[in-house]
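Student: Sharing model.pdb, PDB, C-alpha atoms:
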ATOM      1  CA  MET A   1     -15.198 -20.392  42.770
ATOM      2  CA  SER A   2     -18.185 -22.773  42.578
ATOM      3  CA  ASP A   3     -20.680 -23.568  39.824
ATOM      4  CA  THR A   4     -24.340 -24.496  40.209
ATOM      5  CA  GLN A   5     -26.692 -25.589  37.417
ATOM      6  CA  GLN A   6     -30.380 -24.739  37.398
ATOM      7  CA  GLY A   7     -32.550 -25.453  34.337
ATOM      8  CA  GLY A   8     -29.528 -25.588  32.041
ATOM      9  CA  ALA A   9     -28.152 -22.292  33.254
ATOM     10  CA  VAL A  10     -24.832 -22.118  35.038
ATOM     11  CA  ALA A  11     -24.403 -19.610  37.873
ATOM     12  CA  THR A  12     -20.935 -18.715  39.052
ATOM     13  CA  SER A  13     -20.241 -17.302  42.509
ATOM     14  CA  ALA A  14     -17.017 -15.390  43.171
ATOM     15  CA  PRO A  15     -14.916 -16.045  46.252
ATOM     16  CA  PRO A  16     -15.338 -13.574  49.130
ATOM     17  CA  SER A  17     -13.408 -10.344  48.524
ATOM     18  CA  VAL A  18     -10.409  -9.642  50.702
ATOM     19  CA  ASP A  19     -11.927  -6.156  51.271
ATOM     20  CA  ALA A  20     -15.216  -7.521  52.568
ATOM     21  CA  GLY A  21     -16.153  -6.015  55.900
ATOM     22  CA  LEU A  22     -13.806  -3.025  55.649
ATOM     23  CA  THR A  23     -15.307   0.361  56.407
ATOM     24  CA  PRO A  24     -15.032   3.148  53.812
ATOM     25  CA  ALA A  25     -12.402   4.835  55.975
ATOM     26  CA  ALA A  26     -10.390   1.622  56.196
ATOM     27  CA  LEU A  27     -10.631   1.107  52.429
ATOM     28  CA  ALA A  28      -9.418   4.665  51.798
ATOM     29  CA  GLU A  29      -6.473   4.159  54.124
ATOM     30  CA  LYS A  30      -5.589   0.798  52.543
ATOM     31  CA  TYR A  31      -5.454   2.142  49.000
ATOM     32  CA  GLY A  32      -4.088   5.598  49.825
ATOM     33  CA  LEU A  33      -7.240   7.459  48.835
ATOM     34  CA  ALA A  34      -8.154  10.944  50.066
ATOM     35  CA  VAL A  35     -11.358  12.967  50.030
ATOM     36  CA  SER A  36     -11.493  15.290  47.038
ATOM     37  CA  GLY A  37     -11.127  18.888  48.222
ATOM     38  CA  ALA A  38     -10.353  17.849  51.792
ATOM     39  CA  ARG A  39      -9.000  20.552  54.083
ATOM     40  CA  PRO A  40      -5.190  20.400  54.327
ATOM     41  CA  GLY A  41      -3.359  20.852  57.602
ATOM     42  CA  LEU A  42      -2.826  24.401  58.792
ATOM     43  CA  LEU A  43       0.903  24.537  57.953
ATOM     44  CA  GLU A  44       0.320  22.908  54.574
ATOM     45  CA  TYR A  45      -2.425  25.461  53.929
ATOM     46  CA  VAL A  46      -0.016  28.306  54.680
ATOM     47  CA  ARG A  47       2.524  26.790  52.273
ATOM     48  CA  GLU A  48      -0.120  26.539  49.548
ATOM     49  CA  LEU A  49      -1.013  30.177  50.047
ATOM     50  CA  TRP A  50       2.615  31.246  49.875
ATOM     51  CA  SER A  51       3.074  29.319  46.619
ATOM     52  CA  ARG A  52       0.223  31.365  45.151
ATOM     53  CA  ARG A  53       1.495  34.749  46.304
ATOM     54  CA  HIS A  54       2.060  35.900  42.707
ATOM     55  CA  PHE A  55      -1.535  35.039  41.815
ATOM     56  CA  ILE A  56      -2.799  36.954  44.870
ATOM     57  CA  LEU A  57      -0.895  40.076  43.840
ATOM     58  CA  ALA A  58      -1.892  39.819  40.161
ATOM     59  CA  PHE A  59      -5.545  39.135  41.014
ATOM     60  CA  SER A  60      -5.779  42.102  43.384
ATOM     61  CA  SER A  61      -4.117  44.427  40.844
ATOM     62  CA  ALA A  62      -6.461  43.254  38.088
ATOM     63  CA  LYS A  63      -9.528  43.801  40.289
ATOM     64  CA  LEU A  64      -8.307  47.288  41.171
ATOM     65  CA  THR A  65      -7.789  48.186  37.505
ATOM     66  CA  ALA A  66     -11.191  46.811  36.513
ATOM     67  CA  GLN A  67     -13.027  48.532  39.363
ATOM     68  CA  TYR A  68     -13.500  51.826  37.503
ATOM     69  CA  SER A  69     -12.871  50.607  33.962
ATOM     70  CA  GLN A  70     -16.358  51.652  32.809
ATOM     71  CA  ALA A  71     -16.061  55.189  34.205
ATOM     72  CA  LYS A  72     -14.743  57.992  32.018
ATOM     73  CA  LEU A  73     -12.432  59.281  34.733
ATOM     74  CA  GLY A  74     -11.184  55.760  35.381
ATOM     75  CA  GLN A  75      -8.766  55.386  38.283
ATOM     76  CA  VAL A  76      -9.260  59.019  39.308
ATOM     77  CA  TRP A  77     -12.304  57.814  41.245
ATOM     78  CA  GLN A  78     -10.008  55.852  43.566
ATOM     79  CA  VAL A  79      -9.050  59.182  45.101
ATOM     80  CA  ALA A  80     -12.060  61.299  44.171
ATOM     81  CA  THR A  81     -14.600  59.113  46.005
ATOM     82  CA  PRO A  82     -13.102  59.402  49.516
ATOM     83  CA  LEU A  83     -12.290  63.063  48.874
ATOM     84  CA  LEU A  84     -15.920  63.823  47.995
ATOM     85  CA  ASN A  85     -17.018  61.927  51.099
ATOM     86  CA  ALA A  86     -14.626  64.034  53.177
ATOM     87  CA  LEU A  87     -16.019  67.224  51.615
ATOM     88  CA  VAL A  88     -19.602  66.231  52.444
ATOM     89  CA  TYR A  89     -18.695  65.317  56.037
ATOM     90  CA  TYR A  90     -16.754  68.577  56.447
ATOM     91  CA  LEU A  91     -19.764  70.630  55.311
ATOM     92  CA  ILE A  92     -22.136  68.795  57.652
ATOM     93  CA  PHE A  93     -19.994  67.975  60.664
ATOM     94  CA  GLY A  94     -17.242  70.585  60.406
ATOM     95  CA  LEU A  95     -19.150  73.711  59.422
ATOM     96  CA  ILE A  96     -22.758  73.091  60.486
ATOM     97  CA  LEU A  97     -22.407  70.871  63.570
ATOM     98  CA  GLY A  98     -19.006  72.110  64.717
ATOM     99  CA  ALA A  99     -17.625  68.604  65.252
ATOM    100  CA  GLY A 100     -14.077  69.931  65.125
ATOM    101  CA  ARG A 101     -14.330  71.473  68.582
ATOM    102  CA  GLY A 102     -10.983  71.713  70.311
ATOM    103  CA  MET A 103      -9.069  71.638  67.020
ATOM    104  CA  SER A 104      -7.957  74.390  64.700
ATOM    105  CA  LYS A 105      -8.950  74.281  61.047
ATOM    106  CA  ASP A 106      -5.370  73.345  60.085
ATOM    107  CA  VAL A 107      -5.693  70.237  62.264
ATOM    108  CA  TYR A 108      -9.342  69.341  61.755
ATOM    109  CA  ILE A 109      -9.327  69.150  57.940
ATOM    110  CA  PRO A 110      -6.427  66.629  57.702
ATOM    111  CA  PHE A 111      -7.904  64.919  60.801
ATOM    112  CA  LEU A 112     -11.197  64.409  58.953
ATOM    113  CA  VAL A 113      -9.676  63.381  55.620
ATOM    114  CA  THR A 114      -7.362  60.905  57.351
ATOM    115  CA  GLY A 115     -10.300  59.403  59.207
ATOM    116  CA  ILE A 116     -12.327  58.990  56.025
ATOM    117  CA  PHE A 117      -9.464  57.399  54.080
ATOM    118  CA  VAL A 118      -8.372  55.046  56.861
ATOM    119  CA  PHE A 119     -11.871  53.920  57.825
ATOM    120  CA  THR A 120     -12.744  53.365  54.150
ATOM    121  CA  PHE A 121      -9.770  50.984  53.988
ATOM    122  CA  THR A 122     -11.310  48.761  56.662
ATOM    123  CA  GLN A 123     -14.874  49.246  55.444
ATOM    124  CA  SER A 124     -14.043  48.248  51.867
ATOM    125  CA  SER A 125     -12.054  45.219  53.037
ATOM    126  CA  VAL A 126     -15.003  44.015  55.121
ATOM    127  CA  MET A 127     -17.542  44.529  52.336
ATOM    128  CA  ALA A 128     -15.303  42.772  49.808
ATOM    129  CA  GLY A 129     -14.728  39.953  52.295
ATOM    130  CA  VAL A 130     -18.465  39.344  52.724
ATOM    131  CA  ARG A 131     -18.756  38.623  48.992
ATOM    132  CA  ALA A 132     -15.356  36.945  48.558
ATOM    133  CA  ILE A 133     -16.811  33.413  48.392
ATOM    134  CA  SER A 134     -20.512  33.950  47.636
ATOM    135  CA  GLY A 135     -19.690  36.375  44.808
ATOM    136  CA  ASN A 136     -17.100  34.096  43.182
ATOM    137  CA  LEU A 137     -18.807  30.703  43.306
ATOM    138  CA  GLY A 138     -17.984  29.960  39.678
ATOM    139  CA  LEU A 139     -14.279  30.299  40.378
ATOM    140  CA  VAL A 140     -14.506  28.422  43.680
ATOM    141  CA  ARG A 141     -16.338  25.467  42.136
ATOM    142  CA  ALA A 142     -14.282  25.288  38.963
ATOM    143  CA  LEU A 143     -10.750  25.387  40.360
ATOM    144  CA  HIS A 144      -8.916  23.861  43.308
ATOM    145  CA  PHE A 145      -6.945  26.487  45.226
ATOM    146  CA  PRO A 146      -6.747  27.771  48.817
ATOM    147  CA  ARG A 147      -9.941  29.764  49.226
ATOM    148  CA  ALA A 148      -8.178  32.218  51.525
ATOM    149  CA  THR A 149      -6.533  33.700  48.442
ATOM    150  CA  LEU A 150      -9.832  35.498  47.704
ATOM    151  CA  PRO A 151     -10.296  37.553  50.911
ATOM    152  CA  ILE A 152      -6.542  38.192  51.035
ATOM    153  CA  SER A 153      -6.585  39.442  47.428
ATOM    154  CA  PHE A 154      -9.518  41.738  48.083
ATOM    155  CA  SER A 155      -7.858  43.166  51.198
ATOM    156  CA  LEU A 156      -4.666  43.723  49.213
ATOM    157  CA  GLN A 157      -6.712  45.489  46.553
ATOM    158  CA  GLN A 158      -8.016  47.902  49.194
ATOM    159  CA  LEU A 159      -4.474  48.476  50.491
ATOM    160  CA  GLN A 160      -3.320  49.386  46.999
ATOM    161  CA  GLN A 161      -6.228  51.802  46.685
ATOM    162  CA  LEU A 162      -5.364  53.381  50.034
ATOM    163  CA  LEU A 163      -1.753  53.864  48.952
ATOM    164  CA  TYR A 164      -2.974  55.837  45.935
ATOM    165  CA  SER A 165      -5.140  57.909  48.251
ATOM    166  CA  MET A 166      -2.200  58.509  50.589
ATOM    167  CA  ILE A 167      -0.603  60.677  47.921
ATOM    168  CA  VAL A 168      -3.533  63.074  48.186
ATOM    169  CA  LEU A 169      -3.632  62.732  51.968
ATOM    170  CA  VAL A 170       0.035  63.694  52.248
ATOM    171  CA  ALA A 171      -0.578  66.712  50.001
ATOM    172  CA  ILE A 172      -3.476  67.835  52.212
ATOM    173  CA  ALA A 173      -1.383  67.413  55.365
ATOM    174  CA  ILE A 174       1.421  69.527  53.917
ATOM    175  CA  ALA A 175      -1.054  72.153  52.669
ATOM    176  CA  PHE A 176      -2.304  72.599  56.241
ATOM    177  CA  GLY A 177       1.112  72.826  57.857
ATOM    178  CA  SER A 178       2.077  69.233  58.676
ATOM    179  CA  TYR A 179       5.458  68.785  57.048
ATOM    180  CA  PRO A 180       7.418  65.527  56.639
ATOM    181  CA  SER A 181       9.291  64.441  59.756
ATOM    182  CA  ALA A 182      10.646  61.288  61.350
ATOM    183  CA  ARG A 183       7.194  60.705  62.864
ATOM    184  CA  TRP A 184       5.847  60.008  59.394
ATOM    185  CA  LEU A 185       7.758  56.703  59.453
ATOM    186  CA  LEU A 186       5.167  55.466  61.959
ATOM    187  CA  LEU A 187       2.745  55.274  59.045
ATOM    188  CA  ILE A 188       4.424  52.039  57.932
ATOM    189  CA  PRO A 189       3.831  49.921  61.069
ATOM    190  CA  ALA A 190       0.398  51.480  61.623
ATOM    191  CA  LEU A 191      -0.776  50.590  58.114
ATOM    192  CA  ALA A 192       0.822  47.140  58.343
ATOM    193  CA  LEU A 193      -1.045  46.353  61.566
ATOM    194  CA  GLN A 194      -4.316  47.630  60.108
ATOM    195  CA  PHE A 195      -3.769  45.523  56.993
ATOM    196  CA  VAL A 196      -3.339  42.357  59.086
ATOM    197  CA  PHE A 197      -6.449  43.261  61.078
ATOM    198  CA  ASN A 198      -8.414  43.858  57.859
ATOM    199  CA  ILE A 199      -7.376  40.506  56.388
ATOM    200  CA  GLY A 200      -8.501  38.646  59.499
ATOM    201  CA  LEU A 201     -11.821  40.490  59.621
ATOM    202  CA  ALA A 202     -12.361  39.938  55.875
ATOM    203  CA  MET A 203     -11.792  36.190  56.354
ATOM    204  CA  ILE A 204     -14.322  36.042  59.168
ATOM    205  CA  MET A 205     -16.871  37.854  57.031
ATOM    206  CA  ALA A 206     -16.045  35.671  54.000
ATOM    207  CA  ARG A 207     -16.895  32.494  55.906
ATOM    208  CA  MET A 208     -20.073  34.013  57.339
ATOM    209  CA  GLY A 209     -21.096  35.451  53.970
ATOM    210  CA  SER A 210     -20.527  32.141  52.173
ATOM    211  CA  LYS A 211     -23.488  30.638  54.033
ATOM    212  CA  THR A 212     -25.554  33.790  54.516
ATOM    213  CA  PRO A 213     -25.532  35.898  51.324
ATOM    214  CA  ASP A 214     -28.049  38.299  52.893
ATOM    215  CA  LEU A 215     -25.262  39.446  55.201
ATOM    216  CA  ALA A 216     -24.055  41.668  52.361
ATOM    217  CA  GLN A 217     -27.309  43.645  52.644
ATOM    218  CA  LEU A 218     -26.945  44.094  56.403
ATOM    219  CA  MET A 219     -23.283  45.068  56.547
ATOM    220  CA  PRO A 220     -23.646  48.649  55.206
ATOM    221  CA  PHE A 221     -25.781  49.490  58.263
ATOM    222  CA  VAL A 222     -23.264  47.824  60.589
ATOM    223  CA  MET A 223     -20.339  49.660  58.984
ATOM    224  CA  ARG A 224     -22.150  53.005  59.142
ATOM    225  CA  THR A 225     -22.778  52.523  62.855
ATOM    226  CA  TRP A 226     -19.132  51.542  63.364
ATOM    227  CA  MET A 227     -17.990  54.657  61.509
ATOM    228  CA  TYR A 228     -20.016  57.013  63.708
ATOM    229  CA  ALA A 229     -18.755  55.216  66.826
ATOM    230  CA  SER A 230     -15.091  55.452  65.810
ATOM    231  CA  GLY A 231     -14.536  59.186  65.769
ATOM    232  CA  VAL A 232     -14.092  59.542  62.021
ATOM    233  CA  MET A 233     -15.607  63.037  61.975
ATOM    234  CA  PHE A 234     -14.885  64.170  65.540
ATOM    235  CA  SER A 235     -12.529  63.751  68.482
ATOM    236  CA  ILE A 236     -14.049  61.167  70.825
ATOM    237  CA  PRO A 237     -12.662  62.672  74.090
ATOM    238  CA  ALA A 238     -13.790  66.188  73.121
ATOM    239  CA  MET A 239     -17.236  65.120  71.970
ATOM    240  CA  LEU A 240     -17.894  62.928  75.025
ATOM    241  CA  ALA A 241     -16.308  65.182  77.640
ATOM    242  CA  ASP A 242     -19.602  65.429  79.556
ATOM    243  CA  LYS A 243     -20.334  61.692  79.397
ATOM    244  CA  PRO A 244     -19.100  58.867  81.683
ATOM    245  CA  ALA A 245     -15.409  58.203  81.001
ATOM    246  CA  TRP A 246     -15.918  54.514  80.237
ATOM    247  CA  ILE A 247     -17.962  55.356  77.116
ATOM    248  CA  ALA A 248     -15.082  57.310  75.594
ATOM    249  CA  ASP A 249     -12.636  54.551  76.587
ATOM    250  CA  VAL A 250     -14.701  51.862  74.868
ATOM    251  CA  LEU A 251     -14.963  53.907  71.676
ATOM    252  CA  MET A 252     -11.295  54.940  71.655
ATOM    253  CA  TYR A 253     -10.058  51.361  72.064
ATOM    254  CA  ASN A 254     -12.158  49.932  69.246
ATOM    255  CA  PRO A 255      -9.805  48.866  66.426
ATOM    256  CA  ALA A 256     -11.010  51.340  63.792
ATOM    257  CA  ALA A 257     -10.406  54.261  66.169
ATOM    258  CA  VAL A 258      -7.012  52.902  67.246
ATOM    259  CA  TYR A 259      -5.640  52.660  63.706
ATOM    260  CA  MET A 260      -7.074  56.041  62.698
ATOM    261  CA  ASP A 261      -5.513  57.730  65.718
ATOM    262  CA  LEU A 262      -2.114  56.165  65.057
ATOM    263  CA  ILE A 263      -2.084  57.386  61.478
ATOM    264  CA  ARG A 264      -3.345  60.818  62.506
ATOM    265  CA  PHE A 265      -0.607  61.044  65.134
ATOM    266  CA  ALA A 266       2.036  60.061  62.574
ATOM    267  CA  LEU A 267       0.844  62.457  59.889
ATOM    268  CA  ILE A 268      -0.653  65.551  61.542
ATOM    269  CA  GLU A 269       1.667  67.978  63.302
ATOM    270  CA  GLY A 270      -0.921  69.354  65.731
ATOM    271  CA  TYR A 271      -2.320  65.948  66.713
ATOM    272  CA  GLY A 272      -0.150  65.002  69.683
ATOM    273  CA  ALA A 273       0.226  61.948  71.891
ATOM    274  CA  GLU A 274      -2.274  63.389  74.378
ATOM    275  CA  ASN A 275      -5.013  62.449  71.891
ATOM    276  CA  LEU A 276      -4.060  58.775  71.967
ATOM    277  CA  PRO A 277      -5.304  56.197  74.480
ATOM    278  CA  ALA A 278      -2.750  54.589  76.782
ATOM    279  CA  HIS A 279      -0.748  51.650  75.383
ATOM    280  CA  VAL A 280      -2.098  52.397  71.924
ATOM    281  CA  TRP A 281       0.623  50.474  70.045
ATOM    282  CA  MET A 282       0.112  47.362  72.145
ATOM    283  CA  THR A 283      -3.614  47.670  71.545
ATOM    284  CA  ALA A 284      -3.070  47.960  67.794
ATOM    285  CA  LEU A 285      -0.782  44.926  67.835
ATOM    286  CA  GLY A 286      -3.274  42.970  69.927
ATOM    287  CA  TRP A 287      -6.171  43.675  67.558
ATOM    288  CA  ALA A 288      -4.017  42.678  64.569
ATOM    289  CA  LEU A 289      -2.920  39.384  66.151
ATOM    290  CA  VAL A 290      -6.338  38.420  67.496
ATOM    291  CA  PHE A 291      -8.176  39.070  64.243
ATOM    292  CA  GLY A 292      -5.318  38.170  61.894
ATOM    293  CA  ILE A 293      -4.594  34.753  63.412
ATOM    294  CA  GLY A 294      -8.106  34.064  64.694
ATOM    295  CA  GLY A 295      -9.747  35.050  61.403
ATOM    296  CA  PHE A 296      -7.316  32.909  59.409
ATOM    297  CA  VAL A 297      -7.943  29.799  61.529
ATOM    298  CA  TYR A 298     -11.698  30.420  61.545
ATOM    299  CA  PHE A 299     -11.726  30.638  57.741
ATOM    300  CA  TRP A 300      -9.449  27.609  57.285
ATOM    301  CA  LYS A 301     -11.678  25.355  59.385
ATOM    302  CA  ALA A 302     -14.455  25.635  56.776
ATOM    303  CA  GLU A 303     -12.151  25.293  53.755
ATOM    304  CA  GLU A 304     -13.708  22.102  52.389
ATOM    305  CA  ARG A 305     -17.263  23.465  52.631
ATOM    306  CA  TYR A 306     -16.874  26.572  50.465
ATOM    307  CA  GLY A 307     -18.853  26.374  47.242
ATOM    308  CA  ARG A 308     -20.655  23.164  48.214
ATOM    309  CA  GLY A 309     -23.753  24.627  49.796
TER     310      GLY A 309
END
As a first step, turn the structure in this file into structure tokens.
Tutor:
Amino acid sequence: MSDTQQGGAVATSAPPSVDAGLTPAALAEKYGLAVSGARPGLLEYVRELWSRRHFILAFSSAKLTAQYSQAKLGQVWQVATPLLNALVYYLIFGLILGAGRGMSKDVYIPFLVTGIFVFTFTQSSVMAGVRAISGNLGLVRALHFPRATLPISFSLQQLQQLLYSMIVLVAIAIAFGSYPSARWLLLIPALALQFVFNIGLAMIMARMGSKTPDLAQLMPFVMRTWMYASGVMFSIPAMLADKPAWIADVLMYNPAAVYMDLIRFALIEGYGAENLPAHVWMTALGWALVFGIGGFVYFWKAEERYGRG
């Protein structure tokens, strides 16, 4: 340290700091500092998610309970909404347009209801995923937690709602002559694969929606187009019998159609394997892995940017 005197005033100069010349990154490494909210490694991120599994389940259950809390019929709407949709589609497509060609009434009605319920599962997961981050910015900015808990929770909420609806779906299947058999056990892997697919797709949409809130306004049109292209109200091979074969193949192998057909095959007695595309289980597994793993990694890569835009 040295002293200099100018006009009676004493100025003191400190010795050069030992940190002089170090870059911010070098300083952070020297003192063990980390960026606040930095993205953890992929395995560490998975461990953080697993440690919050109870929160994910409780959050999804709470959202499901609150969904119809202001309605007089309450949770009845969980089942009534897709049933009313199925009734409308049956009147228009089943009775007026004859979309059930090639199927008896005992097959077409559970075929239609199954399609509505199963597609709604994916549709609701996607729409909830779009708003998972942008619609919960207060929570995202106030608390530090793996952001993937939000799209996962919303997808789990939709699974719980589907399971309630399955009670009615099973009753409809039995009413039209499809009785419980060993084939019904295929519902478990089919729903599990669709759930993984839905989570991955919801994560992709959550990241996209976090930066583009207007995506939530566009998605209903996209989902409606996807529904009509997936054979929800009609059999794709029967409806496109006079069209080039590749068109039916493309539509039958799209993931929404694959999962619907698997669940229809498991549940409906008159809906045999001849209605399924070749290698359907491998296709279902492939869609689940591609979107489940790919969507998770895609979402994780933007972890530190959520809520900061």
Student: Once you count all atoms listed in the file, what closest atom pair and distance in Å to one decimal does each residue of region 79-181 of chain A within 8 Å of region 246-269 of chain A have, with rows by chain and rising residue number, as JSON lines?
Tutor:
{"residue": "A:Val107", "atom": "CA", "partner": "A:Ile268", "partner_atom": "CA", "distance": 6.9}
{"residue": "A:Pro110", "atom": "CA", "partner": "A:Ile268", "partner_atom": "CA", "distance": 7.0}
{"residue": "A:Phe111", "atom": "CA", "partner": "A:Arg264", "partner_atom": "CA", "distance": 6.4}
{"residue": "A:Thr114", "atom": "CA", "partner": "A:Arg264", "partner_atom": "CA", "distance": 6.5}
{"residue": "A:Gly115", "atom": "CA", "partner": "A:Met260", "partner_atom": "CA", "distance": 5.8}
{"residue": "A:Val118", "atom": "CA", "partner": "A:Met260", "partner_atom": "CA", "distance": 6.1}
{"residue": "A:Phe119", "atom": "CA", "partner": "A:Ala256", "partner_atom": "CA", "distance": 6.6}
{"residue": "A:Thr122", "atom": "CA", "partner": "A:Ala256", "partner_atom": "CA", "distance": 7.6}
{"residue": "A:Val170", "atom": "CA", "partner": "A:Leu267", "partner_atom": "CA", "distance": 7.8}
{"residue": "A:Ala173", "atom": "CA", "partner": "A:Ile268", "partner_atom": "CA", "distance": 6.5}
{"residue": "A:Gly177", "atom": "CA", "partner": "A:Glu269", "partner_atom": "CA", "distance": 7.3}
{"residue": "A:Ser178", "atom": "CA", "partner": "A:Glu269", "partner_atom": "CA", "distance": 4.8}
{"residue": "A:Tyr179", "atom": "CA", "partner": "A:Glu269", "partner_atom": "CA", "distance": 7.4}
{"residue": "A:Pro180", "atom": "CA", "partner": "A:Leu267", "partner_atom": "CA", "distance": 8.0}
Student: Any idea what the distance is between CA of Leu163 (chain A) and CA of Ser124 (chain A)?
Tutor: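 If I compute the distance from CA of Leu163 (chain A) to CA of Ser124 (chain A), I get 13.8 Å.
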Student: Which residue out of A:Gln123, A:Gln194, A:Ser235, A:Ser210 has the minimum interatomic distance to Gly286 (chain A) when all atoms listed in the file are used?
Tutor: A:Gln194
Student: Between A:Thr149, A:Ser61, A:Thr120, A:Gln158, which has the minimum distance to Glu303 (chain A) (counting only C-alpha atoms)?
Tutor: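 Under the stated criterion, the closest residue is A:Thr149.
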Student: Please compute the CA of Ile204 (chain A)-CA of Trp50 (chain A) distance, one decimal, in Å.
Tutor: 19.9 Å
Student: Name the closest residue to Phe197 (chain A) among the candidates A:Ser155, A:Ser60, A:Ser134, A:Thr81; distances are taken between atoms, counting only C-alpha atoms.
Tutor: A:Ser155
Student: Can you work out which one of A:Gly209, A:Gly270, A:Pro40, A:Pro244 has the shortest atom-to-atom distance to Ala132 (chain A), counting all atoms listed in the file?
Tutor: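 Answer, going by the shortest atom-to-atom distance: A:Gly209.
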Student: Rank nothing, just name the residue among A:Leu57, A:Leu201, A:Ala190, A:Ala62 nearest to Val280 (chain A), using all atoms listed in the file.
Tutor: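 Using all atoms listed in the file, the shortest distance to Val280 (chain A) belongs to A:Ala190.
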Student: Find the residues with any atom within 7 Å of (-11.7, 40.4, 42.9); use all atoms listed in the file and the coordinates as given in the file, and write the answer as number ranges by chain.
Tutor: A: 59-60, 63, 153-154
Student: To one decimal place, how far is CA of Lys301 (chain A) from CA of Arg207 (chain A) in Å?
Tutor: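 Those two atoms sit 9.5 Å apart.
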Student: Which centre and edge lengths in Å to one decimal define the box along x, y and z that fits every listed atom of region 115-121 of chain A plus 6 Å per side, as JSON?
Tutor:
{"center_x": -10.6, "center_y": 55.2, "center_z": 56.6, "size_x": 16.4, "size_y": 20.4, "size_z": 17.2}
Student: In terms of the shortest atom-to-atom distance over all atoms listed in the file, which of A:Met239, A:Ile152, A:Leu43, A:Ala182 is closest to Phe55 (chain A)?
Tutor: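 The closest residue to Phe55 (chain A) is A:Ile152.
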